[in-house]
$ cat structure-v5.csv   # CSV, C-alpha atoms
chain,number,residue,atom,x,y,z
L,1,MET,CA,-0.9,85.1,-59.5
L,2,HIS,CA,-0.2,83.9,-56.0
L,3,VAL,CA,-2.7,85.4,-53.6
L,4,ARG,CA,-2.0,83.9,-50.2
L,5,ASP,CA,-1.1,80.8,-48.2
L,6,GLY,CA,-3.4,79.3,-45.6
L,7,ARG,CA,-2.6,76.5,-43.1
L,8,GLU,CA,-4.0,73.9,-45.5
L,9,HIS,CA,-3.8,75.4,-49.1
L,10,HIS,CA,-2.0,77.7,-51.5
L,11,ILE,CA,-4.4,80.1,-53.2
L,12,PHE,CA,-3.8,81.5,-56.7
L,13,ARG,CA,-5.8,83.8,-59.0
L,14,VAL,CA,-5.6,82.4,-62.5
L,15,ALA,CA,-6.8,83.5,-66.0
L,16,LEU,CA,-8.7,80.7,-67.8
L,17,ALA,CA,-10.6,80.7,-71.1
L,18,ARG,CA,-13.8,81.2,-69.1
L,19,GLY,CA,-12.4,84.1,-67.2
L,20,GLU,CA,-10.5,84.7,-63.9
L,21,ARG,CA,-10.9,82.0,-61.3
L,22,MET,CA,-9.4,81.2,-57.9
L,23,LEU,CA,-7.3,78.1,-57.7
L,24,LYS,CA,-6.9,76.2,-54.4
L,25,LEU,CA,-4.0,73.7,-54.1
L,26,PRO,CA,-3.3,71.6,-51.0
L,27,ARG,CA,-0.1,72.3,-49.1
L,28,VAL,CA,2.4,69.4,-48.8
L,29,ASP,CA,2.8,70.4,-45.1
L,30,ALA,CA,-0.9,71.1,-44.5
L,31,LEU,CA,-2.1,70.9,-40.9
L,32,PRO,CA,-4.3,67.8,-40.4
L,33,ASP,CA,-8.0,68.1,-39.7
L,34,PRO,CA,-8.1,68.4,-35.8
L,35,TRP,CA,-11.4,66.4,-35.7
L,36,ASP,CA,-10.3,63.7,-38.3
L,37,PRO,CA,-6.6,63.6,-39.1
L,38,SER,CA,-7.2,60.9,-41.6
L,39,ARG,CA,-9.2,63.0,-43.9
L,40,SER,CA,-7.6,63.4,-47.3
L,41,ALA,CA,-7.1,66.7,-49.3
L,42,ALA,CA,-9.7,65.5,-51.8
L,43,GLU,CA,-12.2,64.8,-49.0
L,44,ARG,CA,-11.7,68.3,-47.6
L,45,LEU,CA,-12.3,69.9,-51.0
L,46,HIS,CA,-15.4,67.9,-51.6
L,47,CYS,CA,-16.8,68.9,-48.2
L,48,GLU,CA,-16.1,72.5,-49.1
L,49,ALA,CA,-17.9,72.1,-52.4
L,50,TRP,CA,-21.0,70.7,-50.6
L,51,ALA,CA,-20.9,73.4,-47.9
L,52,VAL,CA,-20.7,76.4,-50.3
L,53,HIS,CA,-23.5,75.0,-52.4
L,54,HIS,CA,-25.8,74.7,-49.4
L,55,ALA,CA,-24.8,77.8,-47.4
L,56,ARG,CA,-27.5,80.4,-47.1
L,57,GLY,CA,-27.5,84.1,-46.1
L,58,VAL,CA,-23.8,84.7,-46.7
L,59,PRO,CA,-21.9,85.3,-50.0
L,60,VAL,CA,-19.7,82.3,-51.0
L,61,PRO,CA,-17.5,81.4,-53.9
L,62,GLY,CA,-19.7,80.4,-56.9
L,63,ASN,CA,-19.2,77.7,-59.5
L,64,TYR,CA,-17.0,75.7,-57.2
L,65,GLU,CA,-15.4,72.7,-58.9
L,66,VAL,CA,-13.2,69.9,-57.5
L,67,HIS,CA,-10.7,68.6,-60.0
L,68,ALA,CA,-9.4,65.0,-59.9
L,69,SER,CA,-5.8,66.1,-60.5
L,70,ASN,CA,-2.6,65.0,-58.7
L,71,PRO,CA,-2.7,66.7,-56.3
L,72,PRO,CA,-6.4,67.4,-56.2
L,73,CYS,CA,-7.4,71.0,-56.5
L,74,ALA,CA,-10.4,73.2,-56.7
L,75,THR,CA,-11.4,76.3,-58.8
L,76,MET,CA,-14.1,78.8,-58.0
L,77,ASP,CA,-15.3,82.3,-58.9
L,78,VAL,CA,-13.4,85.4,-57.7
L,79,LEU,CA,-15.1,87.3,-54.9
L,80,PRO,CA,-14.7,91.1,-54.4
L,81,GLY,CA,-13.0,92.7,-51.4
L,82,VAL,CA,-10.1,91.9,-49.2
L,83,THR,CA,-9.9,89.8,-46.0
L,84,ALA,CA,-10.5,91.6,-42.8
L,85,GLU,CA,-7.1,90.2,-41.7
L,86,GLN,CA,-5.4,91.9,-44.7
L,87,ALA,CA,-7.2,95.1,-44.0
L,88,LEU,CA,-6.1,95.0,-40.4
L,89,GLU,CA,-2.4,94.3,-41.3
L,90,ARG,CA,-2.4,97.2,-43.8
L,91,GLY,CA,-3.6,99.6,-41.2
L,92,GLN,CA,-7.0,100.0,-42.9
L,93,LEU,CA,-8.9,99.0,-39.7
L,94,ASP,CA,-8.5,100.9,-36.5
L,95,ALA,CA,-9.9,99.7,-33.2
L,96,GLU,CA,-13.4,101.1,-33.8
L,97,MET,CA,-13.6,99.8,-37.3
L,98,LEU,CA,-12.5,96.3,-36.1
L,99,VAL,CA,-15.5,96.4,-33.7
L,100,ASN,CA,-17.8,97.2,-36.6
L,101,VAL,CA,-16.2,94.4,-38.7
L,102,CYS,CA,-17.0,92.0,-35.8
L,103,LEU,CA,-20.6,93.2,-35.7
L,104,SER,CA,-21.0,92.4,-39.4
L,105,MET,CA,-19.3,89.0,-38.9
L,106,GLY,CA,-21.7,88.1,-36.1
L,107,ARG,CA,-24.6,88.8,-38.3
L,108,ALA,CA,-23.1,86.8,-41.1
L,109,LEU,CA,-22.5,83.8,-38.9
L,110,ALA,CA,-26.1,83.9,-37.6
L,111,SER,CA,-27.4,83.8,-41.1
L,112,LEU,CA,-25.1,80.8,-41.9
L,113,HIS,CA,-26.4,79.0,-38.8
L,114,GLY,CA,-29.9,79.1,-40.2
L,115,VAL,CA,-29.1,76.0,-42.2
L,116,LYS,CA,-30.2,72.9,-40.3
L,117,ARG,CA,-28.7,69.5,-40.6
L,118,PRO,CA,-30.6,67.3,-43.1
L,119,PRO,CA,-31.3,63.6,-42.4
L,120,GLY,CA,-28.1,61.7,-43.0
L,121,GLY,CA,-25.9,64.8,-42.9
L,122,GLY,CA,-25.7,65.4,-46.6
L,123,GLY,CA,-22.1,65.7,-47.7
L,124,LEU,CA,-20.6,66.9,-44.3
L,125,PRO,CA,-19.5,65.1,-41.2
L,126,ASP,CA,-20.8,65.8,-37.7
L,127,LEU,CA,-18.7,67.5,-35.1
L,128,PRO,CA,-17.9,64.8,-32.5
L,129,GLY,CA,-20.3,64.8,-29.6
L,130,SER,CA,-22.9,67.0,-31.4
L,131,ASP,CA,-26.7,66.4,-31.4
L,132,ALA,CA,-27.9,65.7,-34.9
L,133,ASP,CA,-31.4,66.9,-34.2
L,134,SER,CA,-30.3,70.5,-33.3
L,135,ALA,CA,-27.1,70.7,-35.4
L,136,ARG,CA,-26.5,73.6,-37.7
L,137,LEU,CA,-24.1,74.2,-40.6
L,138,LEU,CA,-20.8,75.3,-39.1
L,139,HIS,CA,-17.9,76.9,-40.9
L,140,MET,CA,-15.4,75.9,-38.2
L,141,ASP,CA,-12.7,78.2,-39.4
L,142,PHE,CA,-14.6,81.5,-39.1
L,143,HIS,CA,-12.0,84.2,-38.5
L,144,LEU,CA,-10.7,87.5,-40.0
L,145,GLY,CA,-8.6,85.8,-42.6
L,146,ASN,CA,-11.6,84.0,-44.1
L,147,MET,CA,-14.0,87.0,-44.2
L,148,LEU,CA,-13.9,89.1,-47.3
L,149,GLY,CA,-15.3,92.6,-47.3
L,150,ARG,CA,-14.9,96.3,-47.8
L,151,PRO,CA,-15.4,99.4,-45.7
L,152,ARG,CA,-18.5,101.5,-46.3
L,153,LEU,CA,-19.7,105.0,-45.2
L,154,GLY,CA,-20.4,105.3,-41.5
L,155,MET,CA,-17.5,103.1,-40.4
L,156,THR,CA,-19.4,99.9,-41.4
L,157,TRP,CA,-18.1,96.8,-43.1
L,158,GLU,CA,-19.8,95.1,-46.0
L,159,VAL,CA,-19.3,91.3,-46.0
L,160,THR,CA,-18.5,90.3,-49.6
L,161,GLY,CA,-17.6,86.7,-49.1
L,162,VAL,CA,-16.9,83.9,-46.6
L,163,VAL,CA,-14.2,81.5,-47.8
L,164,ASP,CA,-12.3,78.4,-46.9
L,165,TRP,CA,-15.0,75.9,-45.9
L,166,THR,CA,-12.9,72.7,-45.8
L,167,CYS,CA,-13.5,72.3,-42.1
L,168,ALA,CA,-17.3,72.6,-42.4
L,169,ARG,CA,-19.4,70.3,-40.2
L,170,TRP,CA,-22.7,69.9,-38.5
L,171,GLY,CA,-22.8,70.9,-34.8
L,172,PRO,CA,-23.8,73.4,-32.2
L,173,PRO,CA,-23.5,77.1,-33.1
L,174,GLU,CA,-21.2,77.7,-30.1
L,175,ALA,CA,-18.5,75.7,-31.7
L,176,ASP,CA,-18.3,78.3,-34.6
L,177,PHE,CA,-17.4,81.1,-32.1
L,178,VAL,CA,-14.2,79.4,-31.0
L,179,GLU,CA,-11.8,80.6,-33.8
L,180,MET,CA,-12.7,84.2,-33.2
L,181,GLN,CA,-12.5,83.8,-29.5
L,182,VAL,CA,-9.0,82.3,-29.8
L,183,SER,CA,-7.7,84.7,-32.4
L,184,VAL,CA,-9.4,88.0,-31.6
L,185,PHE,CA,-11.7,88.1,-28.6
L,186,VAL,CA,-9.1,86.8,-26.2
L,187,MET,CA,-7.3,90.2,-26.7
L,188,ASN,CA,-10.3,92.3,-27.5
L,189,PRO,CA,-13.5,91.9,-25.4
L,190,ARG,CA,-15.2,94.9,-27.2
L,191,ALA,CA,-14.9,93.0,-30.5
L,192,ARG,CA,-16.6,90.0,-28.9
L,193,ASP,CA,-19.4,92.1,-27.5
L,194,ALA,CA,-20.1,93.5,-31.0
L,195,PHE,CA,-19.9,90.0,-32.6
L,196,VAL,CA,-22.3,88.5,-30.1
L,197,ALA,CA,-24.7,91.5,-30.5
L,198,GLY,CA,-24.6,91.1,-34.3
L,199,TYR,CA,-25.3,87.4,-34.0
L,200,ARG,CA,-28.3,88.0,-31.7
L,201,GLN,CA,-29.8,90.6,-34.0
L,202,VAL,CA,-30.1,88.0,-36.8
L,203,ALA,CA,-30.5,84.8,-34.8
L,204,GLY,CA,-32.9,86.2,-32.3
L,205,ARG,CA,-31.4,84.0,-29.5
L,206,ALA,CA,-28.6,84.0,-27.1
L,207,ILE,CA,-25.4,82.0,-27.3
L,208,ASP,CA,-24.0,80.0,-24.4
L,209,MET,CA,-20.8,81.9,-23.9
L,210,ALA,CA,-19.7,79.7,-21.1
L,211,ASP,CA,-19.7,76.8,-23.6
L,212,VAL,CA,-17.8,78.9,-26.1
L,213,GLU,CA,-15.2,79.7,-23.5
L,214,ARG,CA,-14.9,76.0,-22.5
L,215,ARG,CA,-14.4,75.0,-26.1
L,216,ALA,CA,-11.9,77.9,-26.7
L,217,ALA,CA,-9.8,77.0,-23.7
L,218,ALA,CA,-9.6,73.4,-24.9
L,219,GLU,CA,-8.5,74.5,-28.3
L,220,ILE,CA,-5.9,76.9,-26.8
L,221,ARG,CA,-4.4,74.1,-24.8
L,222,ARG,CA,-4.3,71.9,-27.9
L,223,ARG,CA,-2.5,74.6,-29.9
L,224,LEU,CA,-0.1,75.5,-27.1
L,225,ALA,CA,1.0,71.9,-27.2
L,226,ASP,CA,0.9,71.2,-31.0
L,227,ASP,CA,1.0,74.6,-32.8
L,228,PRO,CA,2.7,77.2,-30.7
L,229,PRO,CA,1.4,80.8,-31.4
L,230,PRO,CA,3.3,84.0,-31.9
L,231,GLU,CA,4.6,85.6,-28.7
L,232,ALA,CA,2.2,88.5,-29.1
L,233,ILE,CA,-0.7,86.3,-28.3
L,234,ARG,CA,0.9,83.5,-26.2
L,235,GLY,CA,0.4,85.3,-22.9
L,236,TYR,CA,-3.2,86.0,-23.6
L,237,TRP,CA,-3.7,82.3,-24.4
L,238,ILE,CA,-2.0,81.1,-21.2
L,239,ALA,CA,-4.1,83.5,-19.1
L,240,PHE,CA,-7.3,82.5,-20.8
L,241,ALA,CA,-6.6,78.8,-20.4
L,242,ALA,CA,-5.8,79.3,-16.7
L,243,LYS,CA,-9.2,81.0,-16.1
L,244,HIS,CA,-10.9,78.0,-17.7
L,245,PRO,CA,-9.2,74.8,-16.4
L,246,ALA,CA,-10.0,71.5,-18.0
$ encode --input "structure-v5.csv" --output "structure tokens"
Amino acid sequence: MHVRDGREHHIFRVALARGERMLKLPRVDALPDPWDPSRSAAERLHCEAWAVHHARGVPVPGNYEVHASNPPCATMDVLPGVTAEQALERGQLDAEMLVNVCLSMGRALASLHGVKRPPGGGGLPDLPGSDADSARLLHMDFHLGNMLGRPRLGMTWEVTGVVDWTCARWGPPEADFVEMQVSVFVMNPRARDAFVAGYRQVAGRAIDMADVERRAAAEIRRRLADDPPPEAIRGYWIAFAAKHPA
């Protein structure tokens, strides 16, 4: 059964002899890795396999396997819940609930950033310009569409899975805030405040938001040139980039 399409992969839920599994197939028209356009589909999947095996503090797809097929593909366990993006599109998240989702996501990201870079980097590349000694495990595509969960009593959101780790790298924690800044916070400052508060609750330290905004503005300028956004967000992007000139 076809589940969804991402910018890099088609996702299916399949029934195998060992039970139901998720199947990830690379798109023919997949967007290139913005930090290394030469990376192959197989390299991305192997990086994802390494990342989910070493991630700590967040639920990830278990029994992840990369298959040397043509094209290469990966299978993994099924995680419960729906993405926060799907819940928002279905009208299951109002403005207040979205704030609570972001609070939970901030806590989850802080837990993930507890993983320090090992000598040599293990199976992941370094984010260009990062300091290896202070680098942490970064998801680098951390947004509503890659966060599985379900609502709980008291308007809270239980995180049931963090998926799509093919962009994972080592680098500064601030870099992992960019995707949410670009896709959600640029339109919803309350959501950002909740996300940062959740992060600080777990990490016990502040984030350099000026650095986050600088990185986000650079990413927005890149996307405005290479990957134009829907009109609903385009104006927010242009205004944000104007406030943070290169």
$ residues_around --input "structure-v5.csv" --residues "segment 124-129 of chain L" --least-positions-apart "2" --cutoff "8 Å" --atoms "all atoms listed in the file" --output "compact mmCIF listing (two decimals) with C-alpha atoms, in the coordinates of the input"
# COMPACT_ATOMS: atom_id res chain seq x y z
CA TRP L 35 -11.40 66.40 -35.70
CA CYS L 47 -16.80 68.90 -48.20
CA TRP L 50 -21.00 70.70 -50.60
CA ALA L 51 -20.90 73.40 -47.90
CA GLY L 121 -25.90 64.80 -42.90
CA GLY L 122 -25.70 65.40 -46.60
CA ASP L 131 -26.70 66.40 -31.40
CA ALA L 132 -27.90 65.70 -34.90
CA ALA L 168 -17.30 72.60 -42.40
CA ARG L 169 -19.40 70.30 -40.20
CA TRP L 170 -22.70 69.90 -38.50
CA GLY L 171 -22.80 70.90 -34.80
$ atom_distance --input "structure-v5.csv" --atom1 "atom CA of Ile207 of chain L" --atom2 "atom CA of Val186 of chain L"
17.0 Å
$ closest_residue --input "structure-v5.csv" --among "L:Arg215, L:Arg192, L:Arg117, L:Arg152" --to "Ala175 of chain L" --atoms "all atoms listed in the file"
L:Arg215
$ residues_around --input "structure-v5.csv" --residues "His9 of chain L" --least-positions-apart "3" --cutoff "12 Å" --atoms "all atoms listed in the file" --output "PyMOL selection string"
chain L and resi 2-6+12+22-32+41-42+44-45+71-74+164-166
$ closest_residue --input "structure-v5.csv" --among "L:Ser183, L:Ser134, L:Ser38, L:Thr160" --to "Pro61 of chain L" --atoms "only C-alpha atoms"
L:Thr160
$ closest_residue --input "structure-v5.csv" --among "L:Pro173, L:Pro80, L:Pro230, L:Gly161" --to "Ala203 of chain L" --atoms "only C-alpha atoms"
L:Pro173
$ closest_residue --input "structure-v5.csv" --among "L:Ala108, L:Val14, L:Val101, L:Ile233" --to "Met76 of chain L" --atoms "all atoms listed in the file"
L:Val14
$ closest_residue --input "structure-v5.csv" --among "L:Met180, L:Leu79, L:Val52, L:Ala84" --to "Glu219 of chain L" --atoms "all atoms listed in the file"
L:Met180
